[in-house]
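So this one's entry-v5.tsv, TSV, C-alpha atoms:
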```
chain	number	residue	atom	x	y	z
A	1	MET	CA	0.00	0.00	0.00
A	2	ILE	CA	1.33	3.46	-0.95
A	3	GLU	CA	2.18	5.67	2.03
A	4	TRP	CA	-0.29	8.53	2.41
A	5	TYR	CA	2.38	11.24	2.20
A	6	TYR	CA	3.37	10.13	-1.31
A	7	LEU	CA	-0.25	10.65	-2.32
A	8	ILE	CA	-0.11	14.11	-0.74
A	9	ILE	CA	3.06	15.02	-2.66
A	10	VAL	CA	1.53	14.05	-6.01
A	11	SER	CA	-1.76	15.82	-5.22
A	12	ALA	CA	0.08	18.98	-4.12
A	13	LEU	CA	2.13	19.14	-7.31
A	14	LEU	CA	-0.99	18.69	-9.45
A	15	ASN	CA	-2.75	21.35	-7.37
A	16	ALA	CA	0.16	23.77	-7.83
A	17	ALA	CA	0.05	23.22	-11.60
A	18	SER	CA	-3.71	23.90	-11.59
A	19	LEU	CA	-3.16	27.19	-9.71
A	20	ILE	CA	-0.62	28.34	-12.30
A	21	VAL	CA	-3.07	27.58	-15.12
A	22	GLU	CA	-5.84	29.32	-13.13
A	23	LYS	CA	-3.78	32.48	-12.67
A	24	SER	CA	-3.00	32.62	-16.39
A	25	LEU	CA	-6.71	32.31	-17.25
A	26	LEU	CA	-7.83	34.87	-14.67
A	27	ARG	CA	-5.66	37.54	-16.24
A	28	THR	CA	-8.42	37.91	-18.83
A	29	GLU	CA	-11.37	35.87	-17.55
A	30	HIS	CA	-14.03	37.01	-15.04
A	31	ALA	CA	-13.86	35.12	-11.73
A	32	LEU	CA	-17.47	33.92	-11.56
A	33	ARG	CA	-17.66	32.89	-15.22
A	34	PHE	CA	-14.38	31.05	-14.79
A	35	SER	CA	-15.74	29.24	-11.72
A	36	MET	CA	-18.84	28.13	-13.61
A	37	LEU	CA	-16.87	26.89	-16.61
A	38	LEU	CA	-14.33	25.06	-14.48
A	39	ALA	CA	-16.98	23.39	-12.32
A	40	THR	CA	-18.77	22.25	-15.47
A	41	ILE	CA	-15.60	20.85	-17.05
A	42	ILE	CA	-14.74	18.96	-13.85
A	43	GLY	CA	-18.27	17.59	-13.68
A	44	ILE	CA	-18.00	16.25	-17.23
A	45	LEU	CA	-14.54	14.76	-16.69
A	46	SER	CA	-15.71	13.10	-13.46
A	47	MET	CA	-17.96	10.82	-15.53
A	48	LEU	CA	-14.80	8.83	-16.21
A	49	LEU	CA	-14.95	7.70	-12.58
A	50	ILE	CA	-18.32	5.95	-12.91
A	51	PRO	CA	-16.81	2.46	-13.57
A	52	PHE	CA	-14.92	2.72	-10.26
A	53	ILE	CA	-18.01	3.32	-8.10
A	54	SER	CA	-18.55	0.29	-5.90
A	55	GLN	CA	-20.87	1.29	-3.07
A	56	SER	CA	-24.34	2.61	-2.38
A	57	VAL	CA	-24.64	5.98	-0.66
A	58	SER	CA	-26.66	6.48	2.51
A	59	PRO	CA	-28.99	9.51	2.84
A	60	PHE	CA	-26.68	10.98	5.50
A	61	ALA	CA	-23.61	10.62	3.27
A	62	LEU	CA	-25.55	12.23	0.42
A	63	LEU	CA	-26.45	15.17	2.68
A	64	LEU	CA	-22.81	15.62	3.66
A	65	THR	CA	-21.86	15.53	0.00
A	66	MET	CA	-24.37	18.24	-0.90
A	67	ILE	CA	-23.22	20.50	1.96
A	68	TYR	CA	-19.60	20.00	0.93
A	69	SER	CA	-20.49	20.78	-2.70
A	70	ALA	CA	-22.22	24.02	-1.66
A	71	LEU	CA	-19.14	25.14	0.29
A	72	LEU	CA	-16.94	24.12	-2.65
A	73	ALA	CA	-19.07	26.18	-5.05
A	74	VAL	CA	-18.65	29.33	-2.97
A	75	SER	CA	-14.94	28.72	-2.41
A	76	TYR	CA	-14.45	28.28	-6.20
A	77	TRP	CA	-15.74	31.79	-6.72
A	78	MET	CA	-13.98	33.38	-3.75
A	79	THR	CA	-10.57	31.87	-4.55
A	80	ALA	CA	-10.91	32.91	-8.20
A	81	ARG	CA	-11.51	36.50	-7.01
A	82	LEU	CA	-8.47	36.24	-4.75
A	83	PHE	CA	-6.17	35.09	-7.57
A	84	ARG	CA	-7.67	37.50	-10.11
A	85	HIS	CA	-7.04	40.58	-7.97
A	86	GLY	CA	-3.80	39.51	-6.27
A	87	SER	CA	-0.49	37.87	-7.13
A	88	LEU	CA	-0.16	34.09	-7.17
A	89	SER	CA	2.98	34.18	-5.02
A	90	THR	CA	0.99	36.02	-2.33
A	91	GLY	CA	-2.40	34.41	-2.86
A	92	SER	CA	-1.09	30.84	-2.90
A	93	PRO	CA	0.53	30.98	0.58
A	94	LEU	CA	-2.52	32.72	2.06
A	95	TYR	CA	-5.04	30.51	0.26
A	96	ASN	CA	-3.24	27.30	1.17
A	97	VAL	CA	-1.75	27.99	4.60
A	98	LEU	CA	-4.19	30.21	6.52
A	99	PRO	CA	-6.94	27.53	6.50
A	100	ILE	CA	-4.54	25.37	8.54
A	101	ILE	CA	-5.56	27.35	11.64
A	102	VAL	CA	-9.20	26.34	11.16
A	103	ILE	CA	-8.24	22.77	10.20
A	104	VAL	CA	-5.97	22.10	13.17
A	105	VAL	CA	-8.39	23.60	15.72
A	106	GLY	CA	-11.44	21.98	14.08
A	107	SER	CA	-9.81	18.56	13.77
A	108	PHE	CA	-8.88	18.64	17.46
A	109	PHE	CA	-12.37	19.51	18.69
A	110	PHE	CA	-14.57	17.78	16.09
A	111	LEU	CA	-12.46	14.83	14.89
A	112	GLY	CA	-10.49	14.08	18.04
A	113	GLU	CA	-7.10	14.44	16.33
A	114	ASN	CA	-4.14	15.17	18.62
A	115	ILE	CA	-0.91	15.03	16.65
A	116	GLY	CA	1.69	15.87	19.32
A	117	ALA	CA	3.81	18.89	20.28
A	118	GLU	CA	6.51	18.42	17.61
A	119	LYS	CA	4.03	18.44	14.76
A	120	TYR	CA	2.11	21.40	16.20
A	121	LEU	CA	5.45	23.27	16.34
A	122	ALA	CA	6.14	22.42	12.68
A	123	ILE	CA	2.69	23.77	11.74
A	124	LEU	CA	3.37	26.96	13.72
A	125	ILE	CA	6.63	27.46	11.80
A	126	ILE	CA	4.76	27.04	8.49
A	127	LEU	CA	2.25	29.68	9.57
A	128	LEU	CA	4.94	32.13	10.73
A	129	ALA	CA	6.90	31.67	7.50
A	130	THR	CA	3.74	32.46	5.53
A	131	PHE	CA	3.05	35.69	7.42
A	132	ILE	CA	6.65	36.85	6.97
A	133	MET	CA	6.67	35.78	3.31
A	134	VAL	CA	3.66	37.89	2.31
A	135	GLY	CA	4.03	40.66	4.88
A	136	GLN	CA	5.11	43.35	2.41
A	137	SER	CA	2.84	42.35	-0.46
A	138	ASN	CA	-0.33	44.13	0.66
A	139	LYS	CA	1.18	47.45	1.74
A	140	LYS	CA	0.93	49.16	-1.66
A	141	ARG	CA	-2.86	48.83	-1.70
A	142	ASP	CA	-4.92	51.73	-0.39
A	143	THR	CA	-6.84	51.25	2.85
A	144	GLN	CA	-10.12	50.24	1.17
A	145	GLN	CA	-8.41	47.78	-1.19
A	146	ARG	CA	-6.46	46.29	1.72
A	147	ARG	CA	-9.59	45.79	3.81
A	148	TYR	CA	-11.42	44.18	0.89
A	149	TYR	CA	-8.47	41.89	0.09
A	150	ASP	CA	-8.00	40.95	3.76
A	151	LEU	CA	-11.72	40.21	4.12
A	152	THR	CA	-11.63	38.00	1.01
A	153	ILE	CA	-8.64	36.11	2.41
A	154	ALA	CA	-10.36	35.63	5.79
A	155	VAL	CA	-13.55	34.30	4.17
A	156	VAL	CA	-11.59	31.98	1.84
A	157	ALA	CA	-9.49	30.65	4.74
A	158	LEU	CA	-12.61	29.96	6.82
A	159	LEU	CA	-14.40	28.26	3.91
A	160	ILE	CA	-11.46	26.05	2.99
A	161	GLY	CA	-10.84	25.15	6.62
A	162	ILE	CA	-14.46	24.10	7.11
A	163	THR	CA	-14.55	22.14	3.84
A	164	ASN	CA	-11.43	20.21	4.88
A	165	ILE	CA	-12.94	19.25	8.24
A	166	LEU	CA	-16.14	18.23	6.47
A	167	LEU	CA	-14.11	16.29	3.89
A	168	LYS	CA	-12.43	14.19	6.55
A	169	TYR	CA	-15.74	13.54	8.30
A	170	ALA	CA	-17.50	12.67	5.03
A	171	LEU	CA	-14.77	10.17	4.13
A	172	PHE	CA	-15.72	8.18	7.23
A	173	GLN	CA	-19.09	7.63	5.51
A	174	ILE	CA	-18.23	7.32	1.80
A	175	ASN	CA	-15.21	6.22	-0.25
A	176	PRO	CA	-13.08	8.89	-1.98
A	177	ILE	CA	-13.94	8.07	-5.61
A	178	THR	CA	-17.69	8.08	-4.97
A	179	PHE	CA	-17.39	11.33	-3.03
A	180	ILE	CA	-15.39	13.00	-5.83
A	181	LEU	CA	-17.90	11.93	-8.47
A	182	LEU	CA	-20.92	13.18	-6.52
A	183	THR	CA	-19.37	16.51	-5.53
A	184	SER	CA	-18.19	17.07	-9.11
A	185	ILE	CA	-21.77	16.56	-10.31
A	186	PHE	CA	-23.44	18.70	-7.64
A	187	THR	CA	-21.02	21.65	-7.69
A	188	PRO	CA	-21.78	23.06	-11.19
A	189	PHE	CA	-25.49	23.30	-10.34
A	190	LEU	CA	-24.67	25.12	-7.11
A	191	VAL	CA	-22.26	27.52	-8.83
A	192	ALA	CA	-25.05	28.21	-11.33
A	193	LEU	CA	-27.13	29.63	-8.47
A	194	LEU	CA	-24.48	32.32	-8.04
A	195	ILE	CA	-24.73	33.31	-11.70
A	196	VAL	CA	-28.47	33.04	-12.35
A	197	ARG	CA	-29.16	36.70	-11.53
A	198	ARG	CA	-26.51	37.97	-13.91
A	199	SER	CA	-27.58	39.55	-17.19
A	200	THR	CA	-28.34	37.45	-20.26
A	201	GLU	CA	-25.34	39.03	-21.98
A	202	TYR	CA	-23.11	37.96	-19.09
A	203	ARG	CA	-24.34	34.36	-19.27
A	204	GLU	CA	-24.02	34.26	-23.06
A	205	LYS	CA	-20.42	35.43	-22.73
A	206	MET	CA	-19.65	32.10	-21.02
A	207	VAL	CA	-20.32	30.26	-24.27
A	208	SER	CA	-17.73	32.30	-26.17
A	209	ASP	CA	-15.33	32.00	-23.23
A	210	LEU	CA	-15.73	28.23	-23.28
A	211	ARG	CA	-14.84	28.07	-26.97
A	212	HIS	CA	-11.89	30.41	-26.51
A	213	PHE	CA	-10.42	28.79	-23.38
A	214	ILE	CA	-11.48	25.17	-23.89
A	215	LYS	CA	-7.94	23.70	-23.97
A	216	PRO	CA	-6.61	25.36	-20.77
A	217	LEU	CA	-9.94	24.68	-19.04
A	218	LEU	CA	-9.71	20.99	-19.95
A	219	LEU	CA	-6.12	20.93	-18.71
A	220	MET	CA	-7.06	22.60	-15.44
A	221	GLY	CA	-10.12	20.38	-15.00
A	222	ALA	CA	-7.93	17.28	-15.42
A	223	LEU	CA	-5.37	18.64	-12.95
A	224	VAL	CA	-8.04	19.45	-10.35
A	225	LEU	CA	-9.72	16.07	-10.73
A	226	GLY	CA	-6.33	14.35	-10.49
A	227	TYR	CA	-5.22	16.17	-7.37
A	228	ARG	CA	-8.55	15.45	-5.67
A	229	ILE	CA	-8.22	11.72	-6.33
A	230	PHE	CA	-4.78	11.65	-4.69
A	231	LEU	CA	-5.66	14.11	-1.91
A	232	TYR	CA	-8.93	12.48	-0.88
A	233	SER	CA	-7.32	9.03	-0.95
A	234	ALA	CA	-4.63	10.34	1.43
A	235	VAL	CA	-7.08	12.14	3.72
A	236	ALA	CA	-9.14	8.95	4.03
A	237	ILE	CA	-6.21	7.21	5.77
A	238	ALA	CA	-4.26	10.10	7.40
A	239	PRO	CA	-5.09	12.79	9.98
A	240	ILE	CA	-6.35	15.91	8.19
A	241	SER	CA	-4.39	18.05	10.68
A	242	ILE	CA	-1.15	16.63	9.20
A	243	ALA	CA	-2.19	15.98	5.60
A	244	ALA	CA	-3.49	19.53	5.00
A	245	PRO	CA	-0.39	21.39	6.30
A	246	LEU	CA	1.94	19.07	4.37
A	247	SER	CA	-0.04	19.61	1.18
A	248	SER	CA	-0.12	23.39	1.73
A	249	ALA	CA	3.64	23.68	2.23
A	250	ILE	CA	4.42	21.71	-0.94
A	251	ILE	CA	1.93	23.75	-3.00
A	252	VAL	CA	3.53	27.02	-1.85
A	253	VAL	CA	7.03	25.76	-2.72
A	254	ALA	CA	5.81	24.66	-6.16
A	255	THR	CA	4.00	27.94	-7.00
A	256	VAL	CA	6.22	30.73	-5.67
A	257	LEU	CA	9.13	30.51	-8.13
A	258	PRO	CA	6.98	29.86	-11.25
A	259	SER	CA	4.81	32.87	-10.37
A	260	GLY	CA	7.91	35.08	-10.51
A	261	LEU	CA	9.16	33.59	-13.77
A	262	LEU	CA	5.79	33.46	-15.57
A	263	PHE	CA	3.93	36.48	-14.19
A	264	GLY	CA	6.74	38.86	-13.17
A	265	GLU	CA	5.64	39.06	-9.53
A	266	HIS	CA	7.68	40.81	-6.85
A	267	HIS	CA	9.72	39.79	-3.77
A	268	ILE	CA	10.29	36.30	-5.21
A	269	PRO	CA	13.75	35.66	-3.63
A	270	ARG	CA	12.36	36.34	-0.14
A	271	LYS	CA	9.31	34.22	-0.82
A	272	VAL	CA	11.44	31.34	-2.13
A	273	LEU	CA	13.60	31.54	1.00
A	274	PHE	CA	10.64	31.29	3.36
A	275	SER	CA	9.00	28.61	1.25
A	276	MET	CA	12.14	26.54	1.87
A	277	VAL	CA	11.65	27.11	5.61
A	278	MET	CA	8.10	25.82	5.19
A	279	LEU	CA	9.35	22.76	3.34
A	280	ILE	CA	11.82	21.92	6.11
A	281	ALA	CA	9.05	22.28	8.69
A	282	ALA	CA	6.80	20.08	6.53
A	283	TYR	CA	9.41	17.30	6.68
A	284	PHE	CA	8.86	17.02	10.43
A	285	LEU	CA	5.15	16.41	9.84
A	286	VAL	CA	5.98	12.99	8.41
A	287	ALA	CA	9.34	12.27	10.08
```
Using the file provided, produce a representation of the structure as structure tokens.
Amino acid sequence: MIEWYYLIIVSALLNAASLIVEKSLLRTEHALRFSMLLATIIGILSMLLIPFISQSVSPFALLLTMIYSALLAVSYWMTARLFRHGSLSTGSPLYNVLPIIVIVVGSFFFLGENIGAEKYLAILIILLATFIMVGQSNKKRDTQQRRYYDLTIAVVALLIGITNILLKYALFQINPITFILLTSIFTPFLVALLIVRRSTEYREKMVSDLRHFIKPLLLMGALVLGYRIFLYSAVAIAPISIAAPLSSAIIVVATVLPSGLLFGEHHIPRKVLFSMVMLIAAYFLVA
């Protein structure tokens, strides 16, 4: 049997690649339209998982899946806004690492996970490295922009933290492949509720966007579906309070340098340095 941390490493690298593709698309694409198109593509690609479904789903597991899908739909949109209006090398550490606070606290109280002082210290180092890494990145914004950006980050962190706790709990009730298939089917319909009040012109623009961006959307959909398969398989057998921080640290390491090379973002040497600190701390999560 493959060790869970190998699954996390593969999932994190696929996730990092999907974030790079997402950032490139969001340079021209509207966040909500992008979220709808991506959710739809993932839903279609998830049909490939049907032959691997091997269990019936209880009403309670189905309810958990629908709640998770609703949270996922909102987080799709919120994270797209975060990456559209901010740099990837800043957004990726915040998007991936800040939810750890919610995950670690929530897993302790709701899942009964207690991972030991050494691992809590490693997680604290990852959090501190993140705050230092991005500390200068928000200072050029005016006060209103900063408040809006900070509020978006706080909401995204809370949403992702809650979805991770719910993910671990749901995987006690349902196997990972079945859960991925169902959430991938439910999520596009729930994202559609966010877009239904938009103008007809806005909705029609999605059709032209789909034709224009079909190849990168298919690539990103495949990357997202792939990283979920590996991530959910790991979370099903490992404590979420260790799996999530490990995944977050690897994603940050894998996105910081490419964001400087591909998108010309600032403070990359400092961010690379602190991402290495995060990677060293992440080692002690599995040592």
Counting all atoms listed in the file, closest pick from A:Leu88, A:Leu38, A:Ile50, A:Leu64 relative to Leu262 in chain A is A:Leu88
In terms of all atoms listed in the file, the residue from A:Val224, A:Ser92, A:Pro269, A:Ala16 at minimal distance from Ala39 in chain A is A:Val224
Selection near Phe284 in chain A, 9 Å with all atoms listed in the file, sequence-local residues under 6 positions removed, as JSON, numbers by chain: {"A": [118, 119, 122]}
Here's a test: counting all atoms listed in the file, identify every protein, DNA and RNA residue with an atom at most 7 Å from (-8.5, 18.4, 4.2) in the file's coordinate frame, and state them as a ChimeraX atom specification. /A:164-165,167-168,235,240,243-244
Identify which of the residues A:Ile8, A:Val196, A:Leu82, A:Ile125 lies closest to Leu26 in chain A, counting all atoms listed in the file when measuring atom-to-atom distances.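 Distance minimum relative to Leu26 in chain A lands on A:Leu82.
Between Ala129 in chain A and the residues A:Leu217, A:Tyr283, A:Ala249, A:Val57, the shortest atom-to-atom distance, using only C-alpha atoms, involves A:Ala249.
For the pair CA of Gln55 in chain A and CA of Asn175 in chain A, the interatomic distance is 8.0 Å.
Between CA of Ile177 in chain A and CA of Leu25 in chain A the interatomic distance comes to 27.8 Å.
Take the candidates A:Tyr5, A:Tyr76, A:Tyr149, A:Phe52 and check each one against Pro176 in chain A using all atoms listed in the file; the shortest distance goes to A:Phe52.
Residue nearest Thr79 in chain A, chosen from A:Val105, A:Leu159, A:Leu127, A:Met133 and counting all atoms listed in the file: A:Leu159.
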Using all atoms listed in the file, which residues sit within 12 Å of Leu14 in chain A once same-chain residues fewer than 4 positions away are excluded, as a short mmCIF file (atom, residue, chain, number, x, y, z; two decimals) with C-alpha atoms, keeping the file's coordinate frame?
```
data_model
loop_
_atom_site.label_atom_id
_atom_site.label_comp_id
_atom_site.auth_asym_id
_atom_site.auth_seq_id
_atom_site.Cartn_x
_atom_site.Cartn_y
_atom_site.Cartn_z
CA LEU A 7 -0.25 10.65 -2.32
CA ILE A 8 -0.11 14.11 -0.74
CA ILE A 9 3.06 15.02 -2.66
CA VAL A 10 1.53 14.05 -6.01
CA SER A 18 -3.71 23.90 -11.59
CA LEU A 19 -3.16 27.19 -9.71
CA ILE A 20 -0.62 28.34 -12.30
CA VAL A 21 -3.07 27.58 -15.12
CA LEU A 219 -6.12 20.93 -18.71
CA MET A 220 -7.06 22.60 -15.44
CA GLY A 221 -10.12 20.38 -15.00
CA ALA A 222 -7.93 17.28 -15.42
CA LEU A 223 -5.37 18.64 -12.95
CA VAL A 224 -8.04 19.45 -10.35
CA LEU A 225 -9.72 16.07 -10.73
CA GLY A 226 -6.33 14.35 -10.49
CA TYR A 227 -5.22 16.17 -7.37
CA ARG A 228 -8.55 15.45 -5.67
CA ILE A 229 -8.22 11.72 -6.33
CA PHE A 230 -4.78 11.65 -4.69
CA LEU A 231 -5.66 14.11 -1.91
CA SER A 247 -0.04 19.61 1.18
CA ILE A 250 4.42 21.71 -0.94
CA ILE A 251 1.93 23.75 -3.00
CA ALA A 254 5.81 24.66 -6.16
CA THR A 255 4.00 27.94 -7.00
#
```
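Using all atoms listed in the file, the residues found no farther than 9 Å from range 69-74 of chain A, other than those of its own chain fewer than 5 positions away, are Ser35, Met36, Ala39, Leu64, Thr79, Val156, Leu159, Ile160, Ile162, Thr163, Leu182, Thr183, Ser184, Ile185, Phe186, Thr187, Pro188, Phe189, Leu190, Val191, Ala192 and Leu194 of chain A.
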Go ahead and compute the interatomic distance for CA of Arg33 in chain A and CA of Ala12 in chain A, in Å to one decimal.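 Atom-to-atom, CA of Arg33 in chain A and CA of Ala12 in chain A are spaced 25.1 Å apart.
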Contacts of Leu128 in chain A at 12 Å or less, counting all atoms listed in the file, minus same-chain residues fewer than 2 places along, as number ranges by chain? A: 93-94, 97-98, 100-101, 121-126, 130-135, 274-275, 277-278, 281
Name all residues at most 9 Å from Leu181 in chain A (count all atoms listed in the file; drop same-chain ones fewer than 6 positions away) and give them as an mmCIF file with C-alpha atoms, in the frame of the given file.
```cif
data_model
loop_
_atom_site.group_PDB
_atom_site.id
_atom_site.type_symbol
_atom_site.label_atom_id
_atom_site.label_comp_id
_atom_site.auth_asym_id
_atom_site.auth_seq_id
_atom_site.Cartn_x
_atom_site.Cartn_y
_atom_site.Cartn_z
ATOM 1 C CA GLY A 43 -18.270 17.590 -13.680
ATOM 2 C CA SER A 46 -15.710 13.100 -13.460
ATOM 3 C CA MET A 47 -17.960 10.820 -15.530
ATOM 4 C CA LEU A 48 -14.800 8.830 -16.210
ATOM 5 C CA LEU A 49 -14.950 7.700 -12.580
ATOM 6 C CA ILE A 50 -18.320 5.950 -12.910
ATOM 7 C CA ILE A 53 -18.010 3.320 -8.100
#
```
